[in-house]
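Asks: This structure is in structure tokens; I'll ask about it shortly.
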2 protein chains.
Amino acid sequence: MTTTPDVLGPATHQHTNRAFRLRRRPNGPAAAGDLTLVTEPVTPLREGQALARTLFLSVDPASRIWMDHDRPFMPAVPIDAVMRGLGVCQIVASRRAEVAVGDFGAGFTGWQEYCVVDDTTLDAPLSVLPSPLPAPASAFVGVLGHTGISAYLGIDFLDPQPGQTVVVSAAAGAVGSVAGQLAKERGARVVGIAGSPEKCRHVVEDLGFDTCIDHRAADWQAQLDAATPEGVDVVFENVGGEIMDHILMRMNLHARVFVCGLIAHHNVGDRDTWRGLVNVDQVQIQRATMLGFIVTDHLNRWPEAINHLAERLTTGRLRHEETVLEGLDAAPAALDRVFSGAEIGKILLHIADPT
Amino acid sequence: MTTTPDVLGPATHQHTNRAFRLRRRPNGPAAAGDLTLVTEPVTPLREGQALARTLFLSVDPASRIWMDHDRPFMPAVPIDAVMRGLGVCQIVASRRAEVAVGDFGAGFTGWQEYCVVDDTTLDAPLSVLPSPLPAPASAFVGVLGHTGISAYLGIDFLDPQPGQTVVVSAAAGAVGSVAGQLAKERGARVVGIAGSPEKCRHVVEDLGFDTCIDHRAADWQAQLDAATPEGVDVVFENVGGEIMDHILMRMNLHARVFVCGLIAHHNVGDRDTWRGLVNVDQVQIQRATMLGFIVTDHLNRWPEAINHLAERLTTGRLRHEETVLEGLDAAPAALDRVFSGAEIGKILLHIADPT
């Protein structure tokens with residue numbers, strides 16, 4: 001230990017962290033025992049570090065991907081490491097020039113109550129948010145965070161034209177709900193796919209989609225065909241599996257497919273017995289373009305996206321819903337709910353209030 | 001009938017056409033009775049028409065697609081119409097300003113010995129070739145025709161860089177064999193996949209691929225993994241099915257997939273019982289781009305492609321193989337051989353010699 005005066009260091013000793021650590025890689029859905037909740041002291045800050053308290057924590061389909069070692073899009077969470085997750089946080093102690101106590105940030109806080117901020121902060125530096133926050137803190141892991149930005153960048157790529165037919169799967173979800181509204185704004189005909197009559201009602205009545213198909217209905221494929229009489233020009237894909245497979249069969253010439261999420265694939269334990277997509281030949285037949293997308297590849301465009309979305313949010317032209325679960329302890333349950341498809345909008349955890 | 005002097009018309013009366021007409025749509029592989037060979041008189045030419053004799057006729061995976069009414073990439077061949085096909089032909093009578101007797105052409109001649117050329121010629125106007133032909137006539141339905149041009153445009157899109165790993169499926173086929181050679185010319189590492197030890201030997205020793213995997217070997221997937229130790233950057237896909245599915249699992253970040261052909265899909269009779277592709281999620285995970293392609297969409301680039309290929313062909317830098325079957329009668333057998341994967345290079349029919 002050094003004898004350097006440590007004016008901010010002592011603050012960290014006031015804090016005990018609670019964190020979910022990944023103990024083993026799930027086979028299929030994450031199960032009890034894959035993650036354990038531990039209570040740990042917060043280590044003293046070194047020069048260049050700050051301590052942040054998590055306010056809201058996002059639980060996402062990608063959370064499940066990060067538990068796997070088999071070709072995740074970021075390095076898998078190491079066994080015994082704190083589970084990766086995106087959060088909004090507030091600085092409670094700082095030995096780091098870029099941030100002061102009270103500042104807000106968003107980034108990879110992890111599934112924990114406190115996070116040490118440094119040049120890596122798990123996977124990427126924390127983004128410092130304006131203070132005071134121009135929107136509720138939760139928005140920065142939702143409509144003004146990775147999910148809303150995914151929707152914005154996807155619609156920007158897909159560039160739906162007036163009169164074209166857009167299909168958005170998981171239309172009541174955090175990404176799909178925003179994507180569909182942005183496509184409507186461009187004059188496209190927007191058809192949603194969601195998992196209950198209540199979600200479909202929300203998507204049409206609250207979000208303004210032209211129609212929405214309940215994929216749990218026995219005849220959902222026939223309903224989707226009827227809802228896309230002129231075929232599908234643009235696909236905002238959040239689901240994959242049999243839903244995507246049927247959408248492929250509706251594609252028009254030169255259709256564009258934005259592969260933003262494939263939640264139906266993430267919990268598959270044994271790929272060898274899982275039925276895949278049989279209509280991939282339509283990619284050739286229709287001379288389609290399919291683009292795989294991960295929002296964190298495009299951090300340089302986040303400010304543009306946030307401006308675009310915030311302007312619509314503050315003027316009431318963009319709706320979003322949140323399902324907020326209380327406390328870090330609820331994280332595994334929240335992940336189950338992400339995959340059960342029971343919720344509308346963004347699923348997140350409330351960990352603490354801002355000061 | 002008019003009394004207009006018909007100086008070229010009488011020539012047509014010397015000709016009796018033989019043609020394959022599509023009688024019903026196949027379920028699975030085309031079978032006896034789906035096509036019938038008929039003998040028909042050639043009708044007198046009208047002003048603006050010419051009569052062409054087929055010299056070589058191409059039989060392709062796409063032939064099977066055109067027999068189906070379920071989302072082909074061109075309108076399906078109508079029942080009882082002459083089967084669609086690309087051929088090289090020579091004009092034997094002309095009442096058409098653009099062509100004279102003896103001229104060579106390439107285009108949709110159909111599965112027949114004579115074809116009436118007009119502004120439509122089945123699906124598109126005939127392309128008039130230079131006379132004398134700068135290469136053997138058969139090349140214009142092969143390496144200097146739709147298959148070679150597909151390879152050229154695919155490699156142009158994929159733009160493999162020196163040191164990148166390219167995988168080419170159906171590497172001994174008409175398209176793959178050319179695509180791999182063009183990728184090698186750009187300095188990429190080229191891994192072929194083909195269907196026999198003899199094909200693999202040809203692909204490596206004659207065509208210069210770095211290596212080639214026999215997908216009929218029990219451990220072909222492990223062999224492909226070993227042959228792509230740094231993953232796959234660029235995919236020239238001609239097959240689909242389980243071969244494509246495994247390639248998807250080898251993709252590197254930002255891989256590019258050119259979907260030029262999916263021969264494994266065309267003979268599937270019942271999509272509901274066919275196992276599809278389970279690794280489509282890798283398109284997202286690796287942020288891949290997948291592009292569906294049909295060469296006849298790009299007729300404006302055919303001259304550029306032909307120049308590029310002809311220069312390499314005539315200087316001996318581009319190898320190609322042909323499997324030539326004799327006579328129109330062999331067309332159904334040729335189609336079987338396209339799908340059996342028994343042949344090396346372009347499969348075509350010799351119908352007549354040029355004069």
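Every chain in the structure tokens has a letter given in the order shown (A, B, ...), and although residue numbers restart at 1 in each chain, ligands are simply numbered from 1 in the order shown.
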Give the residues of chain A that lie within 9 Å of chain B; count only C-alpha atoms, and format the answer as number ranges by chain.
Replies: A: 71-74, 240-241, 249, 253-254, 258-262, 265-266, 271-272, 274-294
Asks: Compile the contact shell of Leu35 in chain A as a list in words: residues with an atom at most 9 Å away, counting only C-alpha atoms, same-chain residues fewer than 4 positions apart removed.
Replies: Phe20, Arg21, Leu22, Arg23, Arg24, Ala30, Ala31, Asp80, Met83 and Pro332 of chain A
Asks: Once you have the residues from the selection above, write them out as an mmCIF file, in the first residue's frame, restricted to N, CA and C atoms.
Replies:
data_model
loop_
_atom_site.group_PDB
_atom_site.id
_atom_site.type_symbol
_atom_site.label_atom_id
_atom_site.label_comp_id
_atom_site.auth_asym_id
_atom_site.auth_seq_id
_atom_site.Cartn_x
_atom_site.Cartn_y
_atom_site.Cartn_z
ATOM 1 N N PHE A 20 -24.088 -10.487 -9.010
ATOM 2 C CA PHE A 20 -24.299 -11.836 -9.537
ATOM 3 C C PHE A 20 -23.046 -12.278 -10.275
ATOM 4 N N ARG A 21 -22.531 -13.410 -9.844
ATOM 5 C CA ARG A 21 -21.396 -13.995 -10.552
ATOM 6 C C ARG A 21 -21.838 -15.252 -11.307
ATOM 7 N N LEU A 22 -21.270 -15.409 -12.494
ATOM 8 C CA LEU A 22 -21.614 -16.552 -13.348
ATOM 9 C C LEU A 22 -20.806 -17.761 -12.893
ATOM 10 N N ARG A 23 -21.489 -18.823 -12.485
ATOM 11 C CA ARG A 23 -20.793 -19.994 -11.952
ATOM 12 C C ARG A 23 -20.605 -21.097 -12.975
ATOM 13 N N ARG A 24 -21.515 -21.179 -13.923
ATOM 14 C CA ARG A 24 -21.373 -22.211 -14.967
ATOM 15 C C ARG A 24 -22.182 -21.761 -16.187
ATOM 16 N N ALA A 30 -31.109 -20.246 -18.752
ATOM 17 C CA ALA A 30 -30.334 -20.105 -17.524
ATOM 18 C C ALA A 30 -31.150 -20.651 -16.357
ATOM 19 N N ALA A 31 -30.493 -21.387 -15.464
ATOM 20 C CA ALA A 31 -31.206 -22.050 -14.366
ATOM 21 C C ALA A 31 -30.571 -21.647 -13.038
ATOM 22 N N ASP A 80 -17.110 -17.330 -12.882
ATOM 23 C CA ASP A 80 -16.879 -16.668 -11.589
ATOM 24 C C ASP A 80 -16.773 -15.148 -11.694
ATOM 25 N N MET A 83 -21.596 -10.999 -13.764
ATOM 26 C CA MET A 83 -22.372 -11.087 -14.998
ATOM 27 C C MET A 83 -22.393 -9.732 -15.701
ATOM 28 N N PRO A 332 -32.312 -12.724 -12.205
ATOM 29 C CA PRO A 332 -32.602 -13.997 -12.902
ATOM 30 C C PRO A 332 -34.074 -14.110 -13.311
#
Asks: Residues of range 142-196 of chain A classed as helix (DSSP H, G or I) by DSSP on the backbone are to be reported as a PyMOL selection string.
Replies: chain A and resi 146-158+174-185
Asks: From the DSSP assignment of the backbone, select every residue of range 144-332 of chain A that is strand (DSSP E), and format the answer as a ChimeraX atom specification.
Replies: /A:165-169,189-194,211-214,232-237,251-259,289-292,322-326
Asks: List the neighbours of Glu304 in chain B out to 12 Å using only C-alpha atoms; skip same-chain residues closer than 6 positions along the sequence, and give me the result as an MDAnalysis selection string.
Replies: chainID B and resid 144:145 148:149 152:153 156 298 310:311
Asks: At a cut-off of 12 Å, using only C-alpha atoms, what residues contact Ala97 in chain A? Leave out same-chain residues fewer than 3 positions from it and give the result as a list of chain:residue names.
Replies: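 Near neighbours after the sequence-gap exclusion: A:Glu47, A:Gly48, A:Gln49, A:Ala50, A:Ala93, A:Ser94, A:Ala100, A:Val101, A:Asp103, A:Val117, A:Asp118, A:Asp119.
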Asks: Go ahead and save the residues from that selection, with N, CA, C and O atoms, as an mmCIF file, in the first residue's frame.
Replies:
data_model
loop_
_atom_site.group_PDB
_atom_site.id
_atom_site.type_symbol
_atom_site.label_atom_id
_atom_site.label_comp_id
_atom_site.auth_asym_id
_atom_site.auth_seq_id
_atom_site.Cartn_x
_atom_site.Cartn_y
_atom_site.Cartn_z
ATOM 1 N N GLU A 47 -5.910 5.497 -8.211
ATOM 2 C CA GLU A 47 -5.921 6.698 -9.040
ATOM 3 C C GLU A 47 -6.453 6.332 -10.432
ATOM 4 O O GLU A 47 -6.054 5.312 -11.003
ATOM 5 N N GLY A 48 -7.370 7.135 -10.969
ATOM 6 C CA GLY A 48 -7.929 6.852 -12.294
ATOM 7 C C GLY A 48 -9.220 6.062 -12.245
ATOM 8 O O GLY A 48 -9.854 5.846 -13.275
ATOM 9 N N GLN A 49 -9.627 5.670 -11.027
ATOM 10 C CA GLN A 49 -10.876 4.922 -10.902
ATOM 11 C C GLN A 49 -11.948 5.768 -10.226
ATOM 12 O O GLN A 49 -11.656 6.742 -9.528
ATOM 13 N N ALA A 50 -13.181 5.384 -10.442
ATOM 14 C CA ALA A 50 -14.299 5.969 -9.719
ATOM 15 C C ALA A 50 -15.230 4.836 -9.315
ATOM 16 O O ALA A 50 -15.143 3.721 -9.837
ATOM 17 N N ALA A 93 -18.028 8.079 -5.766
ATOM 18 C CA ALA A 93 -16.671 8.416 -5.317
ATOM 19 C C ALA A 93 -15.803 8.445 -6.554
ATOM 20 O O ALA A 93 -16.024 7.673 -7.492
ATOM 21 N N SER A 94 -14.828 9.356 -6.574
ATOM 22 C CA SER A 94 -14.055 9.470 -7.806
ATOM 23 C C SER A 94 -12.600 9.817 -7.538
ATOM 24 O O SER A 94 -12.290 10.749 -6.790
ATOM 25 N N ALA A 100 -17.106 13.278 -11.707
ATOM 26 C CA ALA A 100 -17.195 13.783 -10.340
ATOM 27 C C ALA A 100 -18.373 13.127 -9.643
ATOM 28 O O ALA A 100 -19.290 12.603 -10.298
ATOM 29 N N VAL A 101 -18.341 13.151 -8.333
ATOM 30 C CA VAL A 101 -19.456 12.593 -7.569
ATOM 31 C C VAL A 101 -20.752 13.272 -8.014
ATOM 32 O O VAL A 101 -20.811 14.490 -8.177
ATOM 33 N N ASP A 103 -22.195 12.667 -10.957
ATOM 34 C CA ASP A 103 -22.338 12.494 -12.413
ATOM 35 C C ASP A 103 -23.100 11.205 -12.718
ATOM 36 O O ASP A 103 -23.002 10.213 -11.991
ATOM 37 N N VAL A 117 -15.357 2.149 -11.964
ATOM 38 C CA VAL A 117 -15.217 2.728 -13.297
ATOM 39 C C VAL A 117 -13.739 2.996 -13.557
ATOM 40 O O VAL A 117 -13.084 3.673 -12.760
ATOM 41 N N ASP A 118 -13.225 2.460 -14.645
ATOM 42 C CA ASP A 118 -11.876 2.836 -15.075
ATOM 43 C C ASP A 118 -11.857 2.812 -16.600
ATOM 44 O O ASP A 118 -12.910 2.970 -17.230
ATOM 45 N N ASP A 119 -10.697 2.620 -17.189
ATOM 46 C CA ASP A 119 -10.643 2.709 -18.651
ATOM 47 C C ASP A 119 -11.311 1.529 -19.334
ATOM 48 O O ASP A 119 -11.510 1.554 -20.542
#
Asks: Fewer than 2 positions away in the same chain doesn't count, so skip those; otherwise give me all residues within 9 Å of Val167 in chain B, counting only C-alpha atoms, as a VMD selection string.
Replies: chain B and resid 165 169 171 180 189 to 193 228 232 to 237 247
Asks: Between CA of Ile243 in chain B and CA of His215 in chain B, measure the distance and give it in Å to one decimal.
Replies: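 Straight-line distance from CA of Ile243 in chain B to CA of His215 in chain B works out to 7.8 Å.
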Asks: Please identify all polymer residues within 10 Å of Val128 in chain B, counting only C-alpha atoms, omitting same-chain residues fewer than 6 positions from it, and present them as JSON, numbers by chain.
Replies: {"B": [88, 89, 90, 91, 98, 99, 103, 104, 105, 106, 107]}
Asks: With distances taken over only C-alpha atoms, which of B:Ile79, B:Leu133, B:Leu57, B:Ala179 is nearest to Ala352 in chain B?
Replies: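 That would be B:Leu57, the residue with the smallest distance to Ala352 in chain B.
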Asks: So, counting only C-alpha atoms, which residue among B:Val82, B:Ala174, B:Pro136, B:Asn267 is closest to Phe339 in chain B?
Replies: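 Looking only at the distances to Phe339 in chain B, the closest residue turns out to be B:Asn267.
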Asks: Excluding range 194-197 of chain B and its own-chain neighbours fewer than 4 positions away, which residues fall within 7 Å of it when counting only C-alpha atoms? Please give them as a list in words.
Replies: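 Non-adjacent residues within range: Ser169, Ala170, Ala171, Ala172, Arg201, Cys212, Ile213, Asp214, His215, Arg216 and Gly341 of chain B.
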Asks: Can I get the selection written as a short mmCIF file (atom, residue, chain, number, x, y, z; two decimals), in the first residue's frame, with N, CA, C and O atoms?
Replies:
data_model
loop_
_atom_site.label_atom_id
_atom_site.label_comp_id
_atom_site.auth_asym_id
_atom_site.auth_seq_id
_atom_site.Cartn_x
_atom_site.Cartn_y
_atom_site.Cartn_z
N SER B 169 -18.27 -23.28 -51.94
CA SER B 169 -18.93 -24.59 -52.00
C SER B 169 -19.22 -24.93 -53.46
O SER B 169 -19.24 -24.05 -54.32
N ALA B 170 -19.45 -26.21 -53.72
CA ALA B 170 -19.55 -26.70 -55.10
C ALA B 170 -18.34 -26.21 -55.90
O ALA B 170 -18.47 -25.66 -56.99
N ALA B 171 -17.18 -26.41 -55.32
CA ALA B 171 -15.96 -25.81 -55.86
C ALA B 171 -15.55 -26.39 -57.20
O ALA B 171 -14.80 -25.75 -57.94
N ALA B 172 -16.01 -27.58 -57.52
CA ALA B 172 -15.68 -28.18 -58.82
C ALA B 172 -16.73 -27.85 -59.86
O ALA B 172 -16.60 -28.26 -61.02
N ARG B 201 -9.27 -33.29 -55.77
CA ARG B 201 -7.97 -33.30 -56.41
C ARG B 201 -7.93 -32.28 -57.55
O ARG B 201 -6.99 -31.48 -57.67
N CYS B 212 -9.19 -28.43 -50.47
CA CYS B 212 -10.59 -28.72 -50.80
C CYS B 212 -11.07 -29.88 -49.93
O CYS B 212 -10.37 -30.89 -49.79
N ILE B 213 -12.26 -29.71 -49.36
CA ILE B 213 -12.83 -30.70 -48.44
C ILE B 213 -13.90 -31.50 -49.18
O ILE B 213 -14.77 -30.92 -49.84
N ASP B 214 -13.84 -32.81 -49.02
CA ASP B 214 -14.84 -33.70 -49.61
C ASP B 214 -16.02 -33.80 -48.64
O ASP B 214 -15.91 -34.44 -47.60
N HIS B 215 -17.14 -33.21 -49.00
CA HIS B 215 -18.26 -33.16 -48.04
C HIS B 215 -18.97 -34.50 -47.91
O HIS B 215 -19.92 -34.63 -47.13
N ARG B 216 -18.53 -35.48 -48.67
CA ARG B 216 -19.08 -36.83 -48.47
C ARG B 216 -18.26 -37.63 -47.47
O ARG B 216 -18.64 -38.74 -47.10
N GLY B 341 -24.39 -34.29 -58.53
CA GLY B 341 -23.06 -33.81 -58.17
C GLY B 341 -21.94 -34.69 -58.69
O GLY B 341 -20.83 -34.65 -58.19
#
